[in-house]
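S.K.: Input file: data.pdb. Contents: PDB, C-alpha atoms.
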```
ATOM      1  CA  MET A   1      12.770   1.569   2.743  1.00  0.00           C
ATOM      2  CA  GLN A   2      11.354  -1.956   2.782  1.00  0.00           C
ATOM      3  CA  PRO A   3      12.916  -3.944  -0.060  1.00  0.00           C
ATOM      4  CA  ALA A   4      11.101  -7.127   0.978  1.00  0.00           C
ATOM      5  CA  ILE A   5       7.925  -5.809  -0.673  1.00  0.00           C
ATOM      6  CA  LEU A   6       9.453  -4.232  -3.747  1.00  0.00           C
ATOM      7  CA  VAL A   7       9.175  -6.948  -6.353  1.00  0.00           C
ATOM      8  CA  PRO A   8       6.646  -8.425  -6.447  1.00  0.00           C
ATOM      9  CA  SER A   9       4.398  -5.896  -4.785  1.00  0.00           C
ATOM     10  CA  THR A  10       0.795  -5.211  -3.945  1.00  0.00           C
ATOM     11  CA  LEU A  11       1.589  -1.486  -3.923  1.00  0.00           C
ATOM     12  CA  ASP A  12       0.209   0.728  -6.659  1.00  0.00           C
ATOM     13  CA  GLU A  13       2.445   0.997  -9.711  1.00  0.00           C
ATOM     14  CA  GLU A  14       3.805   4.476  -9.025  1.00  0.00           C
ATOM     15  CA  THR A  15       4.694   3.707  -5.411  1.00  0.00           C
ATOM     16  CA  ALA A  16       6.368   0.460  -6.493  1.00  0.00           C
ATOM     17  CA  ARG A  17       8.426   2.328  -9.113  1.00  0.00           C
ATOM     18  CA  ALA A  18       9.560   4.841  -6.519  1.00  0.00           C
ATOM     19  CA  GLU A  19      10.513   2.017  -4.147  1.00  0.00           C
ATOM     20  CA  ILE A  20      12.571   0.296  -6.821  1.00  0.00           C
ATOM     21  CA  TYR A  21      14.475   3.482  -7.619  1.00  0.00           C
ATOM     22  CA  GLY A  22      15.102   3.917  -3.907  1.00  0.00           C
ATOM     23  CA  LEU A  23      16.442   0.399  -3.544  1.00  0.00           C
ATOM     24  CA  LEU A  24      18.698   0.726  -6.589  1.00  0.00           C
ATOM     25  CA  SER A  25      20.021   3.999  -5.218  1.00  0.00           C
ATOM     26  CA  ALA A  26      20.907   2.389  -1.898  1.00  0.00           C
ATOM     27  CA  LEU A  27      22.560  -0.669  -3.441  1.00  0.00           C
ATOM     28  CA  TYR A  28      24.687   1.277  -5.916  1.00  0.00           C
ATOM     29  CA  TYR A  29      25.692   4.076  -3.548  1.00  0.00           C
ATOM     30  CA  ALA A  30      27.408   1.823  -1.013  1.00  0.00           C
ATOM     31  CA  ALA A  31      27.672  -1.757   0.125  1.00  0.00           C
ATOM     32  CA  PRO A  32      24.364  -2.716   1.765  1.00  0.00           C
ATOM     33  CA  THR A  33      23.915  -2.230   5.474  1.00  0.00           C
ATOM     34  CA  PRO A  34      23.272  -5.411   7.506  1.00  0.00           C
ATOM     35  CA  ALA A  35      19.592  -4.489   7.869  1.00  0.00           C
ATOM     36  CA  LEU A  36      19.145  -3.891   4.137  1.00  0.00           C
ATOM     37  CA  TRP A  37      20.998  -7.096   3.304  1.00  0.00           C
ATOM     38  CA  GLU A  38      18.797  -9.187   5.600  1.00  0.00           C
ATOM     39  CA  ASN A  39      15.657  -7.625   4.125  1.00  0.00           C
ATOM     40  CA  LEU A  40      16.911  -8.412   0.652  1.00  0.00           C
ATOM     41  CA  ARG A  41      17.650 -12.029   1.563  1.00  0.00           C
ATOM     42  CA  ALA A  42      14.127 -12.389   2.975  1.00  0.00           C
ATOM     43  CA  ALA A  43      12.383 -10.748   0.027  1.00  0.00           C
ATOM     44  CA  VAL A  44       9.460 -12.370  -1.746  1.00  0.00           C
ATOM     45  CA  THR A  45      10.285 -13.501  -5.273  1.00  0.00           C
ATOM     46  CA  GLU A  46       6.965 -14.746  -6.655  1.00  0.00           C
ATOM     47  CA  SER A  47       4.770 -12.103  -8.220  1.00  0.00           C
ATOM     48  CA  PRO A  48       1.054 -11.985  -7.386  1.00  0.00           C
ATOM     49  CA  ALA A  49       0.468 -11.527 -11.128  1.00  0.00           C
ATOM     50  CA  ALA A  50       1.649 -14.298 -13.434  1.00  0.00           C
ATOM     51  CA  GLY A  51       4.321 -13.311 -15.952  1.00  0.00           C
ATOM     52  CA  ALA A  52       5.450 -10.138 -14.201  1.00  0.00           C
ATOM     53  CA  LEU A  53       8.188  -8.501 -16.259  1.00  0.00           C
ATOM     54  CA  LEU A  54      10.675  -8.126 -13.423  1.00  0.00           C
ATOM     55  CA  GLU A  55      10.013 -11.398 -11.604  1.00  0.00           C
ATOM     56  CA  ALA A  56      12.831 -13.462 -13.126  1.00  0.00           C
ATOM     57  CA  SER A  57      15.564 -10.858 -12.737  1.00  0.00           C
ATOM     58  CA  TRP A  58      14.395  -9.967  -9.223  1.00  0.00           C
ATOM     59  CA  GLY A  59      14.489 -13.648  -8.310  1.00  0.00           C
ATOM     60  CA  GLU A  60      18.130 -13.772  -9.419  1.00  0.00           C
ATOM     61  CA  VAL A  61      18.982 -10.828  -7.164  1.00  0.00           C
ATOM     62  CA  VAL A  62      17.380 -12.448  -4.128  1.00  0.00           C
ATOM     63  CA  ALA A  63      18.841 -15.883  -4.863  1.00  0.00           C
ATOM     64  CA  THR A  64      22.343 -14.440  -5.165  1.00  0.00           C
ATOM     65  CA  ALA A  65      21.895 -12.438  -1.972  1.00  0.00           C
ATOM     66  CA  ARG A  66      20.852 -15.582  -0.114  1.00  0.00           C
ATOM     67  CA  ALA A  67      23.996 -17.348  -1.316  1.00  0.00           C
ATOM     68  CA  MET A  68      26.370 -14.604  -0.117  1.00  0.00           C
ATOM     69  CA  SER A  69      27.234 -12.939   3.169  1.00  0.00           C
ATOM     70  CA  ALA A  70      27.144  -9.208   3.825  1.00  0.00           C
ATOM     71  CA  ALA A  71      30.934  -9.252   4.101  1.00  0.00           C
ATOM     72  CA  GLU A  72      31.296 -10.907   0.699  1.00  0.00           C
ATOM     73  CA  VAL A  73      29.082  -8.374  -1.042  1.00  0.00           C
ATOM     74  CA  ALA A  74      30.868  -5.496   0.700  1.00  0.00           C
ATOM     75  CA  GLU A  75      34.184  -6.826  -0.596  1.00  0.00           C
ATOM     76  CA  GLU A  76      32.695  -7.162  -4.079  1.00  0.00           C
ATOM     77  CA  TYR A  77      31.440  -3.574  -3.965  1.00  0.00           C
ATOM     78  CA  ASP A  78      34.931  -2.339  -3.125  1.00  0.00           C
ATOM     79  CA  VAL A  79      36.513  -4.405  -5.898  1.00  0.00           C
ATOM     80  CA  LEU A  80      34.104  -3.096  -8.526  1.00  0.00           C
ATOM     81  CA  PHE A  81      33.434   0.485  -7.505  1.00  0.00           C
ATOM     82  CA  GLY A  82      35.867   1.435  -4.766  1.00  0.00           C
ATOM     83  CA  GLY A  83      39.574   1.702  -4.329  1.00  0.00           C
ATOM     84  CA  VAL A  84      41.972   4.601  -4.742  1.00  0.00           C
ATOM     85  CA  GLY A  85      42.059   6.204  -8.165  1.00  0.00           C
ATOM     86  CA  LYS A  86      40.290   4.672 -11.163  1.00  0.00           C
ATOM     87  CA  PRO A  87      37.559   2.158 -10.194  1.00  0.00           C
ATOM     88  CA  ALA A  88      37.091  -1.074 -12.092  1.00  0.00           C
ATOM     89  CA  VAL A  89      33.565   0.020 -13.036  1.00  0.00           C
ATOM     90  CA  TYR A  90      32.302   3.599 -13.151  1.00  0.00           C
ATOM     91  CA  LEU A  91      28.900   4.568 -11.773  1.00  0.00           C
ATOM     92  CA  TYR A  92      28.902   8.052 -13.317  1.00  0.00           C
ATOM     93  CA  GLY A  93      26.867   9.096 -16.327  1.00  0.00           C
ATOM     94  CA  SER A  94      29.515  11.484 -17.652  1.00  0.00           C
ATOM     95  CA  HIS A  95      31.941   8.604 -18.100  1.00  0.00           C
ATOM     96  CA  TYR A  96      29.550   6.686 -20.341  1.00  0.00           C
ATOM     97  CA  MET A  97      28.163   9.654 -22.270  1.00  0.00           C
ATOM     98  CA  SER A  98      31.386  11.591 -22.875  1.00  0.00           C
ATOM     99  CA  GLY A  99      34.248   9.263 -21.937  1.00  0.00           C
ATOM    100  CA  PHE A 100      35.378  11.544 -19.111  1.00  0.00           C
ATOM    101  CA  LEU A 101      34.261  12.536 -15.639  1.00  0.00           C
ATOM    102  CA  ASN A 102      32.955  16.001 -14.769  1.00  0.00           C
ATOM    103  CA  GLU A 103      32.213  16.860 -18.372  1.00  0.00           C
ATOM    104  CA  LYS A 104      29.283  18.405 -20.273  1.00  0.00           C
ATOM    105  CA  PRO A 105      26.705  15.755 -19.247  1.00  0.00           C
ATOM    106  CA  LEU A 106      27.291  16.641 -15.584  1.00  0.00           C
ATOM    107  CA  ALA A 107      26.911  20.362 -16.287  1.00  0.00           C
ATOM    108  CA  GLU A 108      23.658  19.718 -18.162  1.00  0.00           C
ATOM    109  CA  LEU A 109      22.395  17.557 -15.322  1.00  0.00           C
ATOM    110  CA  ARG A 110      23.165  20.260 -12.777  1.00  0.00           C
ATOM    111  CA  GLY A 111      21.281  22.776 -14.883  1.00  0.00           C
ATOM    112  CA  ASP A 112      18.206  20.550 -15.018  1.00  0.00           C
ATOM    113  CA  LEU A 113      18.423  19.854 -11.286  1.00  0.00           C
ATOM    114  CA  ALA A 114      18.518  23.577 -10.578  1.00  0.00           C
ATOM    115  CA  ALA A 115      15.428  24.033 -12.739  1.00  0.00           C
ATOM    116  CA  LEU A 116      13.697  21.423 -10.584  1.00  0.00           C
ATOM    117  CA  GLY A 117      14.783  23.221  -7.421  1.00  0.00           C
ATOM    118  CA  LEU A 118      17.158  20.401  -6.440  1.00  0.00           C
ATOM    119  CA  ASP A 119      20.805  20.349  -5.446  1.00  0.00           C
ATOM    120  CA  ARG A 120      23.279  17.907  -3.954  1.00  0.00           C
ATOM    121  CA  GLY A 121      23.201  17.554  -0.185  1.00  0.00           C
ATOM    122  CA  ASP A 122      26.355  18.250   1.787  1.00  0.00           C
ATOM    123  CA  GLU A 123      26.354  14.669   3.052  1.00  0.00           C
ATOM    124  CA  MET A 124      26.906  13.256  -0.445  1.00  0.00           C
ATOM    125  CA  SER A 125      30.509  13.170  -1.598  1.00  0.00           C
ATOM    126  CA  GLU A 126      29.758  11.882  -5.103  1.00  0.00           C
ATOM    127  CA  THR A 127      28.904  14.097  -8.071  1.00  0.00           C
ATOM    128  CA  GLU A 128      25.300  14.360  -9.196  1.00  0.00           C
ATOM    129  CA  ASP A 129      25.758  12.047 -12.172  1.00  0.00           C
ATOM    130  CA  HIS A 130      26.362   9.064  -9.883  1.00  0.00           C
ATOM    131  CA  TYR A 131      23.763   6.406 -10.654  1.00  0.00           C
ATOM    132  CA  ALA A 132      22.509   6.436  -7.064  1.00  0.00           C
ATOM    133  CA  TYR A 133      21.862  10.171  -7.170  1.00  0.00           C
ATOM    134  CA  VAL A 134      20.012   9.984 -10.475  1.00  0.00           C
ATOM    135  CA  CYS A 135      17.824   7.212  -9.042  1.00  0.00           C
ATOM    136  CA  GLU A 136      17.027   9.382  -6.024  1.00  0.00           C
ATOM    137  CA  VAL A 137      15.912  12.175  -8.335  1.00  0.00           C
ATOM    138  CA  MET A 138      13.666   9.770 -10.224  1.00  0.00           C
ATOM    139  CA  ARG A 139      12.160   8.589  -6.953  1.00  0.00           C
ATOM    140  CA  TYR A 140      11.434  12.193  -6.031  1.00  0.00           C
ATOM    141  CA  LEU A 141       9.847  12.905  -9.410  1.00  0.00           C
ATOM    142  CA  ILE A 142       7.564   9.910  -8.902  1.00  0.00           C
ATOM    143  CA  ALA A 143       6.698  10.229  -5.217  1.00  0.00           C
ATOM    144  CA  GLY A 144       7.092  13.955  -4.549  1.00  0.00           C
ATOM    145  CA  GLU A 145       4.045  15.918  -3.424  1.00  0.00           C
ATOM    146  CA  ASP A 146       4.613  18.955  -5.674  1.00  0.00           C
ATOM    147  CA  VAL A 147       2.681  18.025  -8.821  1.00  0.00           C
ATOM    148  CA  GLU A 148       4.341  20.870 -10.724  1.00  0.00           C
ATOM    149  CA  VAL A 149       7.589  18.908 -10.435  1.00  0.00           C
ATOM    150  CA  ALA A 150       6.588  15.336  -9.621  1.00  0.00           C
ATOM    151  CA  ASN A 151       4.689  14.272 -12.718  1.00  0.00           C
ATOM    152  CA  LEU A 152       5.074  11.919 -15.675  1.00  0.00           C
ATOM    153  CA  THR A 153       6.250  14.635 -18.056  1.00  0.00           C
ATOM    154  CA  ARG A 154       9.143  15.587 -15.767  1.00  0.00           C
ATOM    155  CA  GLN A 155       9.948  11.931 -15.182  1.00  0.00           C
ATOM    156  CA  ARG A 156      10.141  11.203 -18.890  1.00  0.00           C
ATOM    157  CA  GLU A 157      12.289  14.265 -19.599  1.00  0.00           C
ATOM    158  CA  PHE A 158      14.731  13.491 -16.806  1.00  0.00           C
ATOM    159  CA  PHE A 159      14.897   9.770 -17.562  1.00  0.00           C
ATOM    160  CA  THR A 160      15.512  10.212 -21.297  1.00  0.00           C
ATOM    161  CA  ARG A 161      18.194  12.891 -20.767  1.00  0.00           C
ATOM    162  CA  HIS A 162      20.067  11.682 -17.733  1.00  0.00           C
ATOM    163  CA  LEU A 163      19.530   7.960 -17.215  1.00  0.00           C
ATOM    164  CA  GLN A 164      18.424   6.135 -20.343  1.00  0.00           C
ATOM    165  CA  PRO A 165      21.511   7.063 -22.447  1.00  0.00           C
ATOM    166  CA  TRP A 166      23.952   5.271 -20.163  1.00  0.00           C
ATOM    167  CA  ALA A 167      22.291   2.967 -17.624  1.00  0.00           C
ATOM    168  CA  LEU A 168      22.480  -0.099 -19.859  1.00  0.00           C
ATOM    169  CA  LEU A 169      26.147   0.599 -20.648  1.00  0.00           C
ATOM    170  CA  MET A 170      26.845   0.622 -16.918  1.00  0.00           C
ATOM    171  CA  CYS A 171      25.009  -2.672 -16.522  1.00  0.00           C
ATOM    172  CA  GLU A 172      27.085  -4.223 -19.305  1.00  0.00           C
ATOM    173  CA  ALA A 173      30.309  -3.029 -17.685  1.00  0.00           C
ATOM    174  CA  ILE A 174      29.304  -4.569 -14.362  1.00  0.00           C
ATOM    175  CA  SER A 175      28.190  -7.871 -15.873  1.00  0.00           C
ATOM    176  CA  SER A 176      31.415  -8.250 -17.845  1.00  0.00           C
ATOM    177  CA  HIS A 177      33.652  -7.903 -14.785  1.00  0.00           C
ATOM    178  CA  PRO A 178      35.007 -11.346 -13.823  1.00  0.00           C
ATOM    179  CA  LYS A 179      34.640 -10.736 -10.091  1.00  0.00           C
ATOM    180  CA  ALA A 180      31.065  -9.484 -10.213  1.00  0.00           C
ATOM    181  CA  ARG A 181      28.606 -11.906  -8.642  1.00  0.00           C
ATOM    182  CA  PHE A 182      25.877 -10.154  -6.695  1.00  0.00           C
ATOM    183  CA  TYR A 183      26.255  -7.033  -8.798  1.00  0.00           C
ATOM    184  CA  THR A 184      25.897  -9.066 -11.979  1.00  0.00           C
ATOM    185  CA  SER A 185      22.456 -10.132 -10.790  1.00  0.00           C
ATOM    186  CA  LEU A 186      21.674  -6.568  -9.716  1.00  0.00           C
ATOM    187  CA  ALA A 187      22.805  -5.295 -13.127  1.00  0.00           C
ATOM    188  CA  GLY A 188      20.436  -7.769 -14.761  1.00  0.00           C
ATOM    189  CA  PHE A 189      17.542  -6.468 -12.687  1.00  0.00           C
ATOM    190  CA  THR A 190      18.601  -2.876 -13.364  1.00  0.00           C
ATOM    191  CA  GLN A 191      18.677  -3.570 -17.079  1.00  0.00           C
ATOM    192  CA  ALA A 192      15.214  -5.161 -17.000  1.00  0.00           C
ATOM    193  CA  PHE A 193      13.777  -2.281 -14.988  1.00  0.00           C
ATOM    194  CA  THR A 194      15.377   0.310 -17.275  1.00  0.00           C
ATOM    195  CA  ASN A 195      13.841  -1.390 -20.298  1.00  0.00           C
ATOM    196  CA  VAL A 196      10.407  -1.419 -18.656  1.00  0.00           C
ATOM    197  CA  GLU A 197      10.743   2.269 -17.831  1.00  0.00           C
ATOM    198  CA  SER A 198      11.878   3.053 -21.377  1.00  0.00           C
ATOM    199  CA  GLN A 199       8.900   1.250 -22.868  1.00  0.00           C
ATOM    200  CA  GLY A 200       6.518   2.976 -20.497  1.00  0.00           C
ATOM    201  CA  PHE A 201       7.828   6.425 -21.336  1.00  0.00           C
ATOM    202  CA  ASP A 202       7.784   5.618 -25.072  1.00  0.00           C
ATOM    203  CA  MET A 203       4.057   5.032 -24.772  1.00  0.00           C
ATOM    204  CA  LEU A 204       3.620   8.620 -23.561  1.00  0.00           C
ATOM    205  CA  THR A 205       5.053  10.149 -26.730  1.00  0.00           C
TER     206      THR A 205
END
```
For this file, write the structure as structure tokens.
M.R.:
Amino acid sequence: MQPAILVPSTLDEETARAEIYGLLSALYYAAPTPALWENLRAAVTESPAAGALLEASWGEVVATARAMSAAEVAEEYDVLFGGVGKPAVYLYGSHYMSGFLNEKPLAELRGDLAALGLDRGDEMSETEDHYAYVCEVMRYLIAGEDVEVANLTRQREFFTRHLQPWALLMCEAISSHPKARFYTSLAGFTQAFTNVESQGFDMLT
């Protein structure tokens, strides 16, 4: 992963989309590693194309990263998403779609993952409806080599069923937390990217 070239990017659109999903997955799954954090702080913020839709929100992410240390963002991650018991902010789709964890939305997601030939790796302790996991699936559906699975139709179906219904609610919950700083900027970028994806998939219908 090379977040320094994500936004803006000279990559083709599909590769850039996959890279963004990969970066979001990494940043929401855990506090950033030192290497990832330094890449983020060094990222380019000016788009090669004037008026790029994600330029402003991406610039906020990079600016906030440059103003904070890795230790500060790690502490913020723990405050928002960690701790013992109930976190301050949930990163699970079931919570936003049903009000509870491990409910029907998770079962439906697992069924669709099985149909795609995917399952959760043993190294991942979180359930499949964690935002990071859903982003990883989207990255696979964009960048995977099996065109029977990795295609726009599958992407649209998965996005509209398992990400679009709750991603913006998660972003709102993050942004409203009084101790969110870096993750407020990341939520803003996530919201902008989700809206771009939604509009793109709407054009396919």
S.K.: Hey, which bits of segment 71-97 of chain A sit within 12 Å of segment 35-42 of chain A, and for each residue what's the closest pair of atoms and how far apart in Å (one decimal), counting all atoms listed in the file, rows by chain and increasing number, as a Markdown table?
M.R.:
```
| residue | atom | partner | partner_atom | distance |
| --- | --- | --- | --- | --- |
| A:Ala71 | CA | A:Trp37 | CA | 10.2 |
| A:Glu72 | CA | A:Trp37 | CA | 11.3 |
| A:Val73 | CA | A:Trp37 | CA | 9.3 |
| A:Ala74 | CA | A:Trp37 | CA | 10.3 |
```
S.K.: From the list A:Ala31, A:Ala173, A:Leu186, A:Met138, which residue is nearest Ala70 of chain A when using all atoms listed in the file?
M.R.: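 Among A:Ala31, A:Ala173, A:Leu186, A:Met138, it is A:Ala31 that comes nearest to Ala70 of chain A.
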S.K.: Check what the PyMOL selection byres ((chain A and resi 101) around 12) selects in the file above and give those residues as a list in words.
M.R.: Lys86, Tyr90, Leu91, Tyr92, Gly93, Ser94, His95, Tyr96, Met97, Ser98, Gly99, Phe100, Asn102, Glu103, Lys104, Pro105, Leu106, Ala107, Glu126, Thr127, Glu128, Asp129 and His130 of chain A
S.K.: Can you translate the PyMOL selection byres ((chain A and resi 117-125) around 12) into the concrete residues it hits in this file, as a list in words?
M.R.: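 So the PyMOL selection byres ((chain A and resi 117-125) around 12) ends up selecting Tyr29, Ala30, Leu109, Arg110, Gly111, Asp112, Leu113, Ala114, Ala115, Leu116, Glu126, Thr127, Glu128, Asp129, His130, Ala132, Tyr133, Val134, Glu136, Val137, Met138, Tyr140, Leu141, Asp146, Glu148, Val149 and Ala150 of chain A.
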S.K.: Go ahead and compute the interatomic distance for atom CA of Gln164 of chain A and atom CA of Leu23 of chain A, in Å to one decimal.
M.R.: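 Between atom CA of Gln164 of chain A and atom CA of Leu23 of chain A the gap is 17.9 Å.
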S.K.: Just how far from atom CA of Tyr77 of chain A is atom CA of Glu14 of chain A, in Å to one decimal?
M.R.: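 Atom-to-atom, atom CA of Glu14 of chain A and atom CA of Tyr77 of chain A are spaced 29.2 Å apart.
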S.K.: To one decimal place, how far is atom CA of Glu75 of chain A from atom CA of Trp58 of chain A in Å?
M.R.: 21.8 Å
S.K.: Applying 9 Å and only C-alpha atoms, which residues near Ala56 of chain A remain after dropping the ones on its own chain fewer than 6 positions away? List them as a list in words.
M.R.: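 Answer for this query is Thr45, Glu46 and Phe189 of chain A.
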S.K.: Name the residues that the PyMOL selection byres ((chain A and resi 153) around 12) pulls out of this structure, and write them as a PyMOL selection string.
M.R.: chain A and resi 138+141-142+147-152+154-160+200-205
S.K.: Using C-alpha atoms, can you export the residues from the last selection as an mmCIF file, keeping the file's coordinate frame?
M.R.:
```
data_model
loop_
_atom_site.group_PDB
_atom_site.id
_atom_site.type_symbol
_atom_site.label_atom_id
_atom_site.label_comp_id
_atom_site.auth_asym_id
_atom_site.auth_seq_id
_atom_site.Cartn_x
_atom_site.Cartn_y
_atom_site.Cartn_z
ATOM 1 C CA MET A 138 13.666 9.770 -10.224
ATOM 2 C CA LEU A 141 9.847 12.905 -9.410
ATOM 3 C CA ILE A 142 7.564 9.910 -8.902
ATOM 4 C CA VAL A 147 2.681 18.025 -8.821
ATOM 5 C CA GLU A 148 4.341 20.870 -10.724
ATOM 6 C CA VAL A 149 7.589 18.908 -10.435
ATOM 7 C CA ALA A 150 6.588 15.336 -9.621
ATOM 8 C CA ASN A 151 4.689 14.272 -12.718
ATOM 9 C CA LEU A 152 5.074 11.919 -15.675
ATOM 10 C CA ARG A 154 9.143 15.587 -15.767
ATOM 11 C CA GLN A 155 9.948 11.931 -15.182
ATOM 12 C CA ARG A 156 10.141 11.203 -18.890
ATOM 13 C CA GLU A 157 12.289 14.265 -19.599
ATOM 14 C CA PHE A 158 14.731 13.491 -16.806
ATOM 15 C CA PHE A 159 14.897 9.770 -17.562
ATOM 16 C CA THR A 160 15.512 10.212 -21.297
ATOM 17 C CA GLY A 200 6.518 2.976 -20.497
ATOM 18 C CA PHE A 201 7.828 6.425 -21.336
ATOM 19 C CA ASP A 202 7.784 5.618 -25.072
ATOM 20 C CA MET A 203 4.057 5.032 -24.772
ATOM 21 C CA LEU A 204 3.620 8.620 -23.561
ATOM 22 C CA THR A 205 5.053 10.149 -26.730
#
```
S.K.: Could you tell me which of A:Ala67, A:Arg17, A:Ser57, A:Glu197 comes closest to Leu163 of chain A if we count all atoms listed in the file?
M.R.: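 The closest residue to Leu163 of chain A is A:Glu197.
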S.K.: Tell me which of A:Leu53, A:Val44, A:Ala180, A:Ala18 sits closest to Phe81 of chain A, counting only C-alpha atoms.
M.R.: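 Distance minimum relative to Phe81 of chain A lands on A:Ala180.
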S.K.: Rank nothing, just name the residue among A:Leu24, A:Ala52, A:Ile174, A:Ala167 nearest to Pro87 of chain A, using all atoms listed in the file.
M.R.: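 Among A:Leu24, A:Ala52, A:Ile174, A:Ala167, it is A:Ile174 that comes nearest to Pro87 of chain A.
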S.K.: For His177 of chain A, which residue out of A:Glu13, A:Glu60, A:Glu76, A:Glu19 is the nearest one, using only C-alpha atoms?
M.R.: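 That would be A:Glu76, the residue with the smallest distance to His177 of chain A.
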S.K.: Which residue out of A:Tyr183, A:Leu169, A:Ala143, A:Ala43 has the minimum interatomic distance to Asp12 of chain A when all atoms listed in the file are used?
M.R.: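 Residue with the minimum atom-to-atom distance to Asp12 of chain A: A:Ala143.
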